[in-house]
file work_22.cif (mmCIF, C-alpha atoms)
data_model
loop_
_atom_site.label_atom_id
_atom_site.label_comp_id
_atom_site.auth_asym_id
_atom_site.auth_seq_id
_atom_site.Cartn_x
_atom_site.Cartn_y
_atom_site.Cartn_z
CA MET A 1 22.89 11.35 33.84
CA LEU A 2 19.17 11.23 33.03
CA ARG A 3 17.01 9.20 35.39
CA VAL A 4 15.12 6.33 33.79
CA LEU A 5 11.35 5.81 33.98
CA ASP A 6 10.15 2.41 32.73
CA LEU A 7 6.59 2.65 31.42
CA THR A 8 6.69 -0.53 29.35
CA GLY A 9 4.30 -2.28 31.72
CA LEU A 10 1.83 0.60 31.90
CA ASP A 11 -1.15 0.98 29.57
CA GLY A 12 -2.13 4.51 30.56
CA PRO A 13 -3.16 7.04 31.55
CA TYR A 14 0.42 8.28 31.42
CA ARG A 15 0.23 11.91 32.48
CA ASP A 16 0.80 11.41 36.21
CA HIS A 17 3.81 9.15 35.55
CA LEU A 18 5.78 11.58 33.38
CA PRO A 19 8.58 13.91 34.52
CA ARG A 20 7.46 17.43 35.24
CA GLY A 21 9.16 20.25 37.13
CA SER A 22 7.46 22.47 39.68
CA PHE A 23 6.47 25.96 38.53
CA ASP A 24 4.37 27.68 41.18
CA VAL A 25 2.99 30.76 39.46
CA GLU A 26 0.50 31.44 42.24
CA ALA A 27 3.28 31.83 44.80
CA ALA A 28 5.06 34.29 42.50
CA VAL A 29 1.85 36.30 42.06
CA HIS A 30 2.10 37.41 45.70
CA VAL A 31 5.62 38.66 45.04
CA VAL A 32 4.80 40.65 41.92
CA HIS A 33 1.47 42.08 43.08
CA PRO A 34 3.04 45.11 44.84
CA ILE A 35 5.29 45.66 41.80
CA VAL A 36 2.35 45.77 39.39
CA ALA A 37 0.38 47.98 41.80
CA GLY A 38 3.38 50.28 42.22
CA VAL A 39 3.73 50.83 38.48
CA ALA A 40 -0.01 51.40 38.14
CA GLN A 41 0.03 54.00 40.92
CA ARG A 42 3.43 55.71 40.62
CA GLY A 43 4.36 55.18 36.98
CA GLU A 44 7.90 56.04 35.92
CA ALA A 45 9.15 56.61 39.47
CA ALA A 46 8.24 53.02 40.31
CA LEU A 47 9.88 51.73 37.13
CA ARG A 48 13.13 53.45 38.07
CA GLU A 49 12.97 52.13 41.63
CA TYR A 50 12.45 48.54 40.44
CA SER A 51 15.14 48.89 37.80
CA GLU A 52 17.62 49.77 40.52
CA ARG A 53 16.41 46.97 42.78
CA PHE A 54 16.23 44.13 40.25
CA ASP A 55 18.54 45.09 37.36
CA ARG A 56 21.12 47.04 39.39
CA VAL A 57 21.08 49.81 36.81
CA VAL A 58 18.77 52.72 36.04
CA PRO A 59 18.71 53.73 32.37
CA GLU A 60 19.12 57.42 31.60
CA SER A 61 16.05 57.04 29.39
CA LEU A 62 13.62 54.16 29.92
CA ARG A 63 12.56 54.45 26.29
CA VAL A 64 15.60 53.59 24.20
CA PRO A 65 16.58 56.55 21.95
CA ALA A 66 16.40 55.98 18.18
CA ALA A 67 20.12 56.76 17.90
CA ASP A 68 20.97 53.81 20.15
CA LEU A 69 18.80 51.49 18.08
CA ALA A 70 20.47 52.62 14.86
CA ARG A 71 23.96 52.39 16.33
CA ALA A 72 23.32 48.82 17.52
CA ALA A 73 22.32 47.83 13.97
CA GLU A 74 25.32 49.60 12.44
CA GLU A 75 27.75 47.87 14.81
CA LEU A 76 26.47 44.35 14.16
CA ASP A 77 29.01 41.85 12.89
CA PRO A 78 28.21 41.54 9.14
CA GLU A 79 27.83 37.76 9.30
CA LEU A 80 25.49 38.02 12.29
CA ALA A 81 23.52 40.74 10.49
CA ALA A 82 23.13 38.38 7.52
CA ALA A 83 21.89 35.62 9.85
CA PHE A 84 19.38 38.01 11.40
CA ALA A 85 18.15 39.08 7.95
CA GLU A 86 17.65 35.48 6.80
CA ALA A 87 15.82 34.54 10.00
CA ILE A 88 13.51 37.54 9.53
CA ARG A 89 12.92 36.65 5.87
CA ARG A 90 11.97 33.06 6.63
CA ARG A 91 9.72 33.94 9.57
CA ARG A 92 7.96 36.62 7.52
CA GLN A 93 7.44 34.29 4.54
CA VAL A 94 5.85 31.61 6.72
CA ALA A 95 3.70 34.23 8.46
CA GLU A 96 2.47 35.71 5.17
CA GLU A 97 1.95 32.49 3.21
CA LEU A 98 0.86 30.05 5.92
CA GLU A 99 -0.61 31.94 8.85
CA ARG A 100 -2.46 34.99 7.53
CA ASP A 101 -5.91 33.81 6.46
CA ALA A 102 -7.87 36.05 4.13
CA ALA A 103 -11.40 36.80 5.29
CA PRO A 104 -13.71 34.26 3.64
CA ALA A 105 -16.72 35.26 1.58
CA PRO A 106 -19.92 35.80 3.61
CA THR A 107 -22.22 32.83 4.22
CA ILE A 108 -25.63 33.29 2.60
CA LEU A 109 -28.20 31.68 4.90
CA ALA A 110 -31.28 32.73 2.95
CA ASP A 111 -32.25 35.39 0.47
CA GLY A 112 -31.10 38.68 2.04
CA ALA A 113 -29.53 36.97 5.08
CA ARG A 114 -25.76 36.90 5.33
CA VAL A 115 -23.08 36.48 8.01
CA GLY A 116 -19.52 37.44 7.20
CA LEU A 117 -16.25 37.28 9.09
CA ARG A 118 -13.66 40.03 9.46
CA ASN A 119 -10.14 39.52 10.71
CA ILE A 120 -9.17 42.67 12.62
CA PRO A 121 -5.68 43.13 14.07
CA VAL A 122 -5.23 44.20 17.68
CA ASP A 123 -4.57 47.96 17.82
CA ARG A 124 -1.51 47.96 20.11
CA VAL A 125 0.71 45.21 21.53
CA GLY A 126 3.49 45.04 24.09
CA LEU A 127 6.16 42.47 23.29
CA TYR A 128 8.46 41.22 26.05
CA VAL A 129 11.98 39.99 25.24
CA PRO A 130 13.88 38.24 28.07
CA GLY A 131 17.39 39.28 28.97
CA GLY A 132 18.32 37.10 31.95
CA LEU A 133 20.47 33.99 31.56
CA ALA A 134 20.43 34.48 27.81
CA PRO A 135 19.50 37.65 25.87
CA LEU A 136 16.93 36.08 23.54
CA ALA A 137 17.26 38.41 20.57
CA SER A 138 15.49 35.77 18.48
CA SER A 139 12.32 36.51 20.46
CA VAL A 140 12.24 39.94 18.81
CA ILE A 141 11.74 38.25 15.44
CA MET A 142 9.25 35.72 16.80
CA ASN A 143 7.05 38.43 18.34
CA VAL A 144 7.44 41.37 15.97
CA VAL A 145 7.17 39.67 12.57
CA PRO A 146 3.77 38.00 13.09
CA ALA A 147 2.42 41.17 14.70
CA GLN A 148 3.51 43.18 11.67
CA VAL A 149 2.08 40.65 9.22
CA ALA A 150 -1.19 40.70 11.17
CA GLY A 151 -1.35 44.46 10.65
CA VAL A 152 -0.87 45.65 14.24
CA ARG A 153 -0.48 49.43 14.01
CA SER A 154 1.39 50.09 17.28
CA ILE A 155 4.16 47.81 18.55
CA ALA A 156 6.22 48.35 21.70
CA VAL A 157 9.10 46.15 22.88
CA ALA A 158 10.49 45.90 26.42
CA SER A 159 13.66 44.14 27.52
CA PRO A 160 15.66 44.40 30.76
CA PRO A 161 18.43 47.01 31.00
CA GLN A 162 21.93 45.53 31.20
CA ARG A 163 24.61 47.04 33.41
CA GLU A 164 27.38 46.11 30.98
CA PHE A 165 25.67 48.09 28.22
CA GLY A 166 25.08 51.27 30.20
CA GLY A 167 21.49 50.50 31.11
CA LEU A 168 20.39 49.62 27.58
CA PRO A 169 19.03 46.20 26.59
CA HIS A 170 21.45 43.86 24.82
CA PRO A 171 22.73 45.41 21.54
CA ASN A 172 21.50 42.45 19.46
CA ILE A 173 17.97 43.05 20.73
CA LEU A 174 18.22 46.76 19.85
CA ALA A 175 19.68 45.98 16.44
CA LEU A 176 16.85 43.62 15.57
CA CYS A 177 14.26 46.17 16.68
CA HIS A 178 15.89 48.71 14.36
CA LEU A 179 16.08 46.24 11.45
CA LEU A 180 12.38 45.48 11.91
CA GLY A 181 11.40 49.13 12.11
CA VAL A 182 10.30 49.08 15.76
CA GLU A 183 10.99 52.51 17.25
CA GLU A 184 9.26 52.18 20.63
CA VAL A 185 11.69 50.16 22.73
CA PHE A 186 11.92 50.26 26.52
CA ALA A 187 14.80 49.35 28.81
CA VAL A 188 12.40 47.85 31.35
CA GLY A 189 12.34 44.24 32.50
CA GLY A 190 10.48 41.78 34.65
CA ALA A 191 7.06 42.18 36.21
CA GLN A 192 7.37 45.96 36.04
CA ALA A 193 7.53 45.82 32.23
CA ILE A 194 4.30 43.82 32.14
CA ALA A 195 2.68 46.33 34.49
CA MET A 196 3.89 49.22 32.32
CA PHE A 197 2.32 47.67 29.24
CA ALA A 198 -0.96 46.83 30.97
CA HIS A 199 -1.56 50.07 32.88
CA GLY A 200 0.44 52.50 30.81
CA VAL A 201 2.80 55.15 32.23
CA PRO A 202 1.88 58.80 31.56
CA GLY A 203 4.38 60.51 29.31
CA LEU A 204 6.28 57.28 28.67
CA CYS A 205 4.17 54.35 27.46
CA GLU A 206 0.56 54.10 26.37
CA PRO A 207 -1.32 51.00 27.60
CA VAL A 208 -1.54 48.06 25.19
CA SER A 209 -4.35 45.64 24.35
CA LEU A 210 -2.23 42.47 24.21
CA ILE A 211 1.04 41.35 25.82
CA THR A 212 3.11 38.53 24.33
CA GLY A 213 6.54 37.02 24.79
CA PRO A 214 8.29 34.60 27.16
CA GLY A 215 9.82 35.41 30.54
CA ASN A 216 10.69 34.06 33.98
CA ILE A 217 8.17 33.06 36.62
CA TYR A 218 7.72 36.67 37.79
CA VAL A 219 6.91 37.80 34.25
CA VAL A 220 4.42 34.93 34.02
CA ALA A 221 2.89 35.87 37.38
CA ALA A 222 2.52 39.50 36.30
CA LYS A 223 0.81 38.38 33.08
CA ARG A 224 -1.63 36.38 35.19
CA LEU A 225 -2.33 39.45 37.33
CA VAL A 226 -3.13 41.74 34.40
CA ARG A 227 -5.00 39.17 32.34
CA GLY A 228 -8.47 40.52 31.71
CA LEU A 229 -7.29 44.11 31.75
CA VAL A 230 -5.28 43.10 28.67
CA GLY A 231 -4.96 39.94 26.62
CA ILE A 232 -1.91 37.71 27.02
CA ASP A 233 -0.50 35.00 24.80
CA SER A 234 0.11 32.35 27.49
CA GLU A 235 1.63 31.63 30.89
CA ALA A 236 4.79 30.00 29.57
CA GLY A 237 6.96 28.04 31.98
CA PRO A 238 10.53 26.74 31.58
CA THR A 239 11.38 25.39 28.16
CA GLU A 240 11.11 21.68 27.39
CA ILE A 241 11.98 19.13 24.73
CA ALA A 242 10.76 15.59 24.23
CA ILE A 243 12.37 13.30 21.67
CA ILE A 244 10.78 10.12 20.32
CA ALA A 245 13.67 8.00 19.09
CA ASP A 246 14.16 4.37 18.11
CA ASP A 247 17.30 2.35 17.41
CA SER A 248 17.70 4.10 14.05
CA ALA A 249 18.47 7.41 15.75
CA THR A 250 21.99 8.80 16.08
CA PRO A 251 22.86 8.97 19.80
CA ALA A 252 25.12 12.02 19.37
CA TYR A 253 22.26 13.97 17.73
CA VAL A 254 19.78 13.01 20.44
CA ALA A 255 22.19 13.94 23.24
CA ALA A 256 23.07 17.28 21.64
CA ASP A 257 19.39 18.17 21.27
CA LEU A 258 18.65 17.30 24.90
CA ILE A 259 21.59 19.48 25.95
CA SER A 260 20.46 22.37 23.75
CA GLN A 261 17.25 22.78 25.76
CA ALA A 262 18.91 22.14 29.12
CA GLU A 263 21.21 25.06 28.29
CA HIS A 264 18.30 27.53 28.59
CA ASP A 265 17.57 27.18 32.28
CA PRO A 266 18.28 24.92 35.30
CA LEU A 267 14.52 24.21 35.28
CA ALA A 268 14.45 23.26 31.58
CA ALA A 269 13.12 19.78 30.82
CA SER A 270 14.81 17.25 28.52
CA VAL A 271 12.91 14.00 27.97
CA LEU A 272 13.83 11.05 25.76
CA ILE A 273 11.03 8.63 24.89
CA THR A 274 12.39 5.42 23.39
CA ASP A 275 11.66 1.71 22.92
CA SER A 276 15.37 0.97 22.58
CA VAL A 277 17.38 0.27 25.73
CA SER A 278 20.58 0.25 23.68
CA LEU A 279 19.83 3.74 22.31
CA ALA A 280 19.04 5.01 25.81
CA GLU A 281 22.37 3.71 27.07
CA ALA A 282 24.25 5.21 24.11
CA VAL A 283 22.59 8.59 24.67
CA GLN A 284 23.57 8.51 28.35
CA GLN A 285 27.16 7.88 27.29
CA GLU A 286 27.00 10.75 24.81
CA LEU A 287 25.69 13.06 27.53
CA GLN A 288 28.61 12.10 29.76
CA ARG A 289 30.95 12.96 26.88
CA GLN A 290 29.29 16.13 25.55
CA VAL A 291 28.13 17.94 28.70
CA PRO A 292 31.62 18.63 30.14
CA ALA A 293 32.61 20.27 26.84
CA THR A 294 29.79 22.83 26.98
CA LYS A 295 30.09 26.40 28.23
CA HIS A 296 27.21 26.20 30.72
CA VAL A 297 28.06 22.88 32.37
CA GLU A 298 26.49 23.62 35.77
CA ARG A 299 23.20 24.88 34.34
CA ILE A 300 22.92 21.96 31.91
CA THR A 301 23.78 19.35 34.54
CA THR A 302 21.20 20.78 36.93
CA ALA A 303 18.50 20.61 34.26
CA LEU A 304 19.36 17.10 33.06
CA THR A 305 19.48 15.66 36.57
CA GLY A 306 16.35 17.44 37.76
CA GLN A 307 12.96 15.84 38.34
CA GLN A 308 11.71 17.37 35.10
CA SER A 309 14.11 15.38 32.88
CA ALA A 310 14.28 11.64 32.20
CA VAL A 311 14.59 8.75 29.80
CA VAL A 312 11.14 7.21 29.40
CA LEU A 313 11.25 3.58 28.24
CA VAL A 314 8.25 2.39 26.21
CA ARG A 315 7.27 -0.89 24.52
CA ASP A 316 7.03 0.38 20.97
CA VAL A 317 6.33 3.39 18.77
CA ASP A 318 2.58 3.16 19.45
CA GLN A 319 3.16 3.62 23.16
CA ALA A 320 5.74 6.33 22.44
CA VAL A 321 3.09 8.35 20.55
CA ALA A 322 0.62 7.91 23.40
CA VAL A 323 3.20 9.00 25.97
CA ALA A 324 4.23 12.01 23.87
CA ASP A 325 0.59 13.08 23.54
CA ALA A 326 0.16 12.78 27.31
CA TYR A 327 3.30 14.87 27.88
CA ALA A 328 2.28 17.49 25.26
CA ALA A 329 5.76 18.89 24.84
CA GLU A 330 6.61 22.43 23.87
CA HIS A 331 9.10 20.99 21.36
CA LEU A 332 8.77 17.41 20.10
CA GLU A 333 11.42 15.80 17.91
CA ILE A 334 10.80 12.60 15.96
CA GLN A 335 13.97 10.65 15.22
CA THR A 336 12.62 7.28 14.09
CA VAL A 337 12.16 5.14 11.02
CA ASN A 338 9.30 6.69 9.00
CA ALA A 339 9.53 9.86 11.09
CA GLU A 340 6.98 11.70 8.93
CA ALA A 341 4.36 9.01 9.52
CA VAL A 342 5.01 9.06 13.27
CA ALA A 343 4.78 12.86 13.32
CA ASN A 344 1.40 12.73 11.57
CA ARG A 345 0.02 10.69 14.47
CA ILE A 346 0.93 13.29 17.12
CA ARG A 347 -1.98 15.36 18.44
CA ASN A 348 -0.37 17.31 21.30
CA ALA A 349 2.82 19.33 20.77
CA GLY A 350 3.75 22.99 20.48
CA ALA A 351 5.92 22.29 17.44
CA ILE A 352 7.00 19.01 15.83
CA PHE A 353 10.50 18.59 14.38
CA VAL A 354 10.63 15.72 11.90
CA GLY A 355 13.73 13.67 11.15
CA ASP A 356 17.40 13.68 12.09
CA HIS A 357 18.13 17.07 10.54
CA SER A 358 15.35 19.19 12.04
CA PRO A 359 16.67 20.01 15.52
CA VAL A 360 14.85 22.39 17.86
CA SER A 361 17.75 24.82 17.57
CA LEU A 362 16.76 25.36 13.94
CA GLY A 363 13.25 26.35 15.05
CA ASP A 364 14.67 28.66 17.70
CA TYR A 365 16.21 30.84 15.03
CA SER A 366 15.76 30.34 11.32
CA ALA A 367 13.36 27.52 10.42
CA GLY A 368 10.66 30.11 9.70
CA SER A 369 8.37 28.69 12.39
CA THR A 370 7.54 30.32 15.72
CA HIS A 371 9.49 29.55 18.87
CA VAL A 372 6.96 31.09 21.29
CA LEU A 373 5.17 27.88 22.22
CA PRO A 374 2.96 26.42 24.99
CA THR A 375 4.78 24.68 27.85
CA ALA A 376 3.94 22.53 30.88
CA GLY A 377 1.52 20.29 28.98
CA CYS A 378 -0.53 23.22 27.65
CA ALA A 379 0.04 22.07 24.06
CA CYS A 380 -2.99 19.81 24.58
CA HIS A 381 -5.20 22.93 24.38
CA SER A 382 -3.06 25.86 23.23
CA SER A 383 -1.05 26.91 20.17
CA GLY A 384 2.16 28.79 19.58
CA LEU A 385 2.36 32.49 18.76
CA THR A 386 1.40 33.13 15.13
CA VAL A 387 -0.21 35.86 13.05
CA ARG A 388 -3.60 34.70 14.30
CA SER A 389 -2.56 35.46 17.89
CA PHE A 390 -2.69 39.16 16.97
CA ILE A 391 -6.01 39.04 15.12
CA LYS A 392 -9.56 39.26 16.44
CA THR A 393 -12.33 37.63 14.42
CA VAL A 394 -15.57 39.58 14.21
CA HIS A 395 -18.85 38.38 12.72
CA VAL A 396 -20.61 40.91 10.50
CA ILE A 397 -24.38 40.30 10.25
CA GLY A 398 -26.57 41.82 7.56
CA TYR A 399 -30.29 40.95 7.12
CA THR A 400 -32.83 42.70 4.90
CA ALA A 401 -36.35 43.42 6.15
CA ASP A 402 -37.73 40.41 4.24
CA ALA A 403 -34.99 38.11 5.55
CA LEU A 404 -35.75 39.18 9.15
CA LEU A 405 -39.48 38.70 8.64
CA ALA A 406 -38.91 35.19 7.29
CA ILE A 407 -37.39 34.07 10.60
CA ALA A 408 -39.16 36.48 13.00
CA ASP A 409 -41.68 33.97 14.42
CA GLY A 410 -38.96 31.56 15.50
CA VAL A 411 -36.79 34.26 17.05
CA GLU A 412 -39.71 35.68 19.02
CA ARG A 413 -40.66 32.22 20.34
CA PHE A 414 -37.06 31.54 21.32
CA ALA A 415 -36.82 34.85 23.21
CA LEU A 416 -40.10 34.31 25.06
CA ALA A 417 -39.01 30.77 25.98
CA GLU A 418 -36.02 32.33 27.73
CA ASP A 419 -38.34 34.86 29.46
CA LEU A 420 -36.77 37.76 27.62
CA PRO A 421 -39.78 39.58 26.13
CA GLY A 422 -37.69 42.66 25.37
CA HIS A 423 -35.66 40.55 22.97
CA ALA A 424 -38.85 39.44 21.26
CA GLN A 425 -40.14 43.00 21.09
CA ALA A 426 -36.99 44.09 19.27
CA ILE A 427 -38.13 41.75 16.50
CA THR A 428 -41.85 42.53 16.75
CA VAL A 429 -41.34 46.27 16.45
CA ARG A 430 -39.84 45.72 13.01
CA ARG A 431 -42.87 43.88 11.61
CA PRO A 432 -44.92 45.73 8.99
CA ARG A 433 -47.93 47.51 10.49
#
call {"tool": "encode", "arguments": {"input": "work_22.cif", "output": "structure tokens"}}
result
Amino acid sequence: MLRVLDLTGLDGPYRDHLPRGSFDVEAAVHVVHPIVAGVAQRGEAALREYSERFDRVVPESLRVPAADLARAAEELDPELAAAFAEAIRRRRQVAEELERDAAPAPTILADGARVGLRNIPVDRVGLYVPGGLAPLASSVIMNVVPAQVAGVRSIAVASPPQREFGGLPHPNILALCHLLGVEEVFAVGGAQAIAMFAHGVPGLCEPVSLITGPGNIYVVAAKRLVRGLVGIDSEAGPTEIAIIADDSATPAYVAADLISQAEHDPLAASVLITDSVSLAEAVQQELQRQVPATKHVERITTALTGQQSAVVLVRDVDQAVAVADAYAAEHLEIQTVNAEAVANRIRNAGAIFVGDHSPVSLGDYSAGSTHVLPTAGCACHSSGLTVRSFIKTVHVIGYTADALLAIADGVERFALAEDLPGHAQAITVRRPR
């Protein structure tokens, strides 16, 4: 089912030889530009027009009423509510204990000369939760919890209206918003939701400073358009998994994990990196057995047989690590002997799942880690969404008169060397007369 790429005879660089799907954001930008401009110019009227055009339903109220949020929480299946609560607890604990750095003590550079650092949360954020092929209620937790732990004072959530729920977002999304105490929830989806957050809509939604959350290519294109006006987390593409596995791996586990990502989207990427031909063959057999038994057979088959998915054959674990670093997967599983040691050698991955019993599905929901991660090779330079994504760092400089005087000559010379005498004068004017 998966095509096979044999890299055993290649010594690098590997990047151009690895499977990768096409994701043309620039082409989508031309499509969403009039949508973003329409929301900026016409506000709520444009939102209602685009809701009718793209979602085939116009909510009675674009901002979801508090009563609907509460009702969604009350009507949750008790076992599902317990699963939501545990996922929230674990994500919050990791955010509080691992991600939220206390401001360090100021650095004392000389007597009377100090530079400190303040961590200041963003004032207001807009969090997008997809509702297309799958209503990703888990994204509510992954966006809201770190924003709350960071100390963001104003949080708004947007998710597409659903015809089957009377123009409201999916009830699980509403329930999680209520459980997390988020009261500003909008039944607005797609590029128009991004435009609403960035430009604001009078009487409906105040503009935000930062937009986070995954979405389809049109959401990504809209985020590119408004970047600079507001901050964004990333331009995330279709989801992807890479698995480094040797002959110690269990083929059924590997196949199931490849399928789990393919289930997201026909463009999702599933890549197996292995030095074992026998494992590769066993995984292919498992795919042939497991895929027909899944609910979304067509979507999964399209993803697994697409150009973005493959079995990559390598010589050994050393080459597997090098190939994985070149691929820089959103999710990277290690199913090998000494998996922890192999994981410690990885430099480029959005998240690393170590061992046979740490599947990506665990991270999607209740591992406590984030599932908003860099895609399309961006893990070589970007990180997943954490508390720090919602925090600005600000230097705080405090010098006494004596401390300034002690370094004044050097600062003045530096300024004059750059032909900026006004800079030098700002020091000179403070010298004793």
call {"tool": "resolve_selection", "arguments": {"input": "work_22.cif", "expression": "the PyMOL selection byres ((chain A and resi 193) around 12)", "output": "compact mmCIF listing (two decimals) with C-alpha atoms, in the frame of the given file"}}
result
# COMPACT_ATOMS: atom_id res chain seq x y z
CA VAL A 32 4.80 40.65 41.92
CA ILE A 35 5.29 45.66 41.80
CA VAL A 36 2.35 45.77 39.39
CA GLY A 38 3.38 50.28 42.22
CA VAL A 39 3.73 50.83 38.48
CA ALA A 40 -0.01 51.40 38.14
CA GLY A 43 4.36 55.18 36.98
CA GLU A 44 7.90 56.04 35.92
CA ALA A 46 8.24 53.02 40.31
CA LEU A 47 9.88 51.73 37.13
CA ARG A 48 13.13 53.45 38.07
CA TYR A 50 12.45 48.54 40.44
CA SER A 51 15.14 48.89 37.80
CA PHE A 54 16.23 44.13 40.25
CA LEU A 62 13.62 54.16 29.92
CA ARG A 63 12.56 54.45 26.29
CA GLY A 126 3.49 45.04 24.09
CA LEU A 127 6.16 42.47 23.29
CA TYR A 128 8.46 41.22 26.05
CA VAL A 129 11.98 39.99 25.24
CA PRO A 130 13.88 38.24 28.07
CA ALA A 156 6.22 48.35 21.70
CA VAL A 157 9.10 46.15 22.88
CA ALA A 158 10.49 45.90 26.42
CA SER A 159 13.66 44.14 27.52
CA PRO A 160 15.66 44.40 30.76
CA PRO A 161 18.43 47.01 31.00
CA VAL A 185 11.69 50.16 22.73
CA PHE A 186 11.92 50.26 26.52
CA ALA A 187 14.80 49.35 28.81
CA VAL A 188 12.40 47.85 31.35
CA GLY A 189 12.34 44.24 32.50
CA GLY A 190 10.48 41.78 34.65
CA ALA A 191 7.06 42.18 36.21
CA GLN A 192 7.37 45.96 36.04
CA ILE A 194 4.30 43.82 32.14
CA ALA A 195 2.68 46.33 34.49
CA MET A 196 3.89 49.22 32.32
CA PHE A 197 2.32 47.67 29.24
CA ALA A 198 -0.96 46.83 30.97
CA HIS A 199 -1.56 50.07 32.88
CA GLY A 200 0.44 52.50 30.81
CA VAL A 201 2.80 55.15 32.23
CA CYS A 205 4.17 54.35 27.46
CA PRO A 207 -1.32 51.00 27.60
CA VAL A 208 -1.54 48.06 25.19
CA ILE A 211 1.04 41.35 25.82
CA THR A 212 3.11 38.53 24.33
CA GLY A 213 6.54 37.02 24.79
CA GLY A 215 9.82 35.41 30.54
CA TYR A 218 7.72 36.67 37.79
CA VAL A 219 6.91 37.80 34.25
CA VAL A 220 4.42 34.93 34.02
CA ALA A 222 2.52 39.50 36.30
CA LYS A 223 0.81 38.38 33.08
CA VAL A 226 -3.13 41.74 34.40
call {"tool": "closest_residue", "arguments": {"input": "work_22.cif", "among": "A:Ala343, A:Ala150, A:Leu332, A:Leu258", "to": "Val317 in chain A", "atoms": "only C-alpha atoms"}}
result
A:Ala343
call {"tool": "closest_residue", "arguments": {"input": "work_22.cif", "among": "A:Val57, A:Ala85, A:Ala95, A:Ala349", "to": "Pro374 in chain A", "atoms": "all atoms listed in the file"}}
result
A:Ala349
call {"tool": "resolve_selection", "arguments": {"input": "work_22.cif", "expression": "the PyMOL selection byres ((chain A and resi 4) around 8)", "output": "list in words"}}
result
Leu2, Arg3, Leu5, Asp6, Ala310, Val311, Val312 and Leu313 of chain A
call {"tool": "residues_around", "arguments": {"input": "work_22.cif", "residues": "Gln93 in chain A", "least_positions_apart": "3", "cutoff": "12 Å", "atoms": "all atoms listed in the file", "output": "PyMOL selection string"}}
result
chain A and resi 86-90+96-100+145-146+149+366-370+387
call {"tool": "resolve_selection", "arguments": {"input": "work_22.cif", "expression": "the PyMOL selection byres ((chain A and resi 111) around 9)", "output": "list in words"}}
result
Ile108, Leu109, Ala110, Gly112, Ala113, Arg114, Tyr399, Thr400, Asp402 and Ala403 of chain A
call {"tool": "atom_distance", "arguments": {"input": "work_22.cif", "atom1": "CA of Val122 in chain A", "atom2": "CA of Val94 in chain A"}}
result
20.0 Å
call {"tool": "atom_distance", "arguments": {"input": "work_22.cif", "atom1": "CA of Ala45 in chain A", "atom2": "CA of Ala221 in chain A"}}
result
21.8 Å
call {"tool": "atom_distance", "arguments": {"input": "work_22.cif", "atom1": "CA of His17 in chain A", "atom2": "CA of Ala329 in chain A"}}
result
14.6 Å
call {"tool": "closest_residue", "arguments": {"input": "work_22.cif", "among": "A:Thr428, A:Thr375, A:Ser276, A:Gln148", "to": "Arg124 in chain A", "atoms": "only C-alpha atoms"}}
result
A:Gln148
call {"tool": "residues_near_point", "arguments": {"input": "work_22.cif", "point": "(-1.8, 4.5, 27.6)", "cutoff": "7 Å", "atoms": "only C-alpha atoms", "output": "list in words"}}
result
Leu10, Asp11, Gly12, Pro13, Tyr14, Gln319, Ala322 and Val323 of chain A
call {"tool": "closest_residue", "arguments": {"input": "work_22.cif", "among": "A:Pro104, A:Pro169, A:Gly231, A:Pro238", "to": "Pro65 in chain A", "atoms": "all atoms listed in the file"}}
result
A:Pro169
call {"tool": "closest_residue", "arguments": {"input": "work_22.cif", "among": "A:Ser309, A:Gln261, A:Gln162, A:Ser234", "to": "Arg20 in chain A", "atoms": "only C-alpha atoms"}}
result
A:Ser309
call {"tool": "residues_around", "arguments": {"input": "work_22.cif", "residues": "Val230 in chain A", "least_positions_apart": "3", "cutoff": "6 Å", "atoms": "only C-alpha atoms", "output": "ChimeraX atom specification"}}
result
/A:209-210,227
call {"tool": "residues_around", "arguments": {"input": "work_22.cif", "residues": "Asn172 in chain A", "least_positions_apart": "2", "cutoff": "8 Å", "atoms": "only C-alpha atoms", "output": "PyMOL selection string"}}
result
chain A and resi 72-73+76+137+170+174-176
call {"tool": "closest_residue", "arguments": {"input": "work_22.cif", "among": "A:Arg91, A:Ser154, A:Gly306, A:Val321", "to": "Gly181 in chain A", "atoms": "only C-alpha atoms"}}
result
A:Ser154
call {"tool": "residues_around", "arguments": {"input": "work_22.cif", "residues": "Arg289 in chain A", "least_positions_apart": "3", "cutoff": "12 Å", "atoms": "only C-alpha atoms", "output": "list in words"}}
result
Met1, Pro251, Ala252, Ala255, Ala256, Ile259, Ala282, Val283, Gln284, Gln285, Glu286, Pro292, Ala293, Thr294 and Val297 of chain A
call {"tool": "residues_around", "arguments": {"input": "work_22.cif", "residues": "Ile300 in chain A", "least_positions_apart": "4", "cutoff": "8 Å", "atoms": "all atoms listed in the file", "output": "ChimeraX atom specification"}}
result
/A:259,262-266,291,296,304
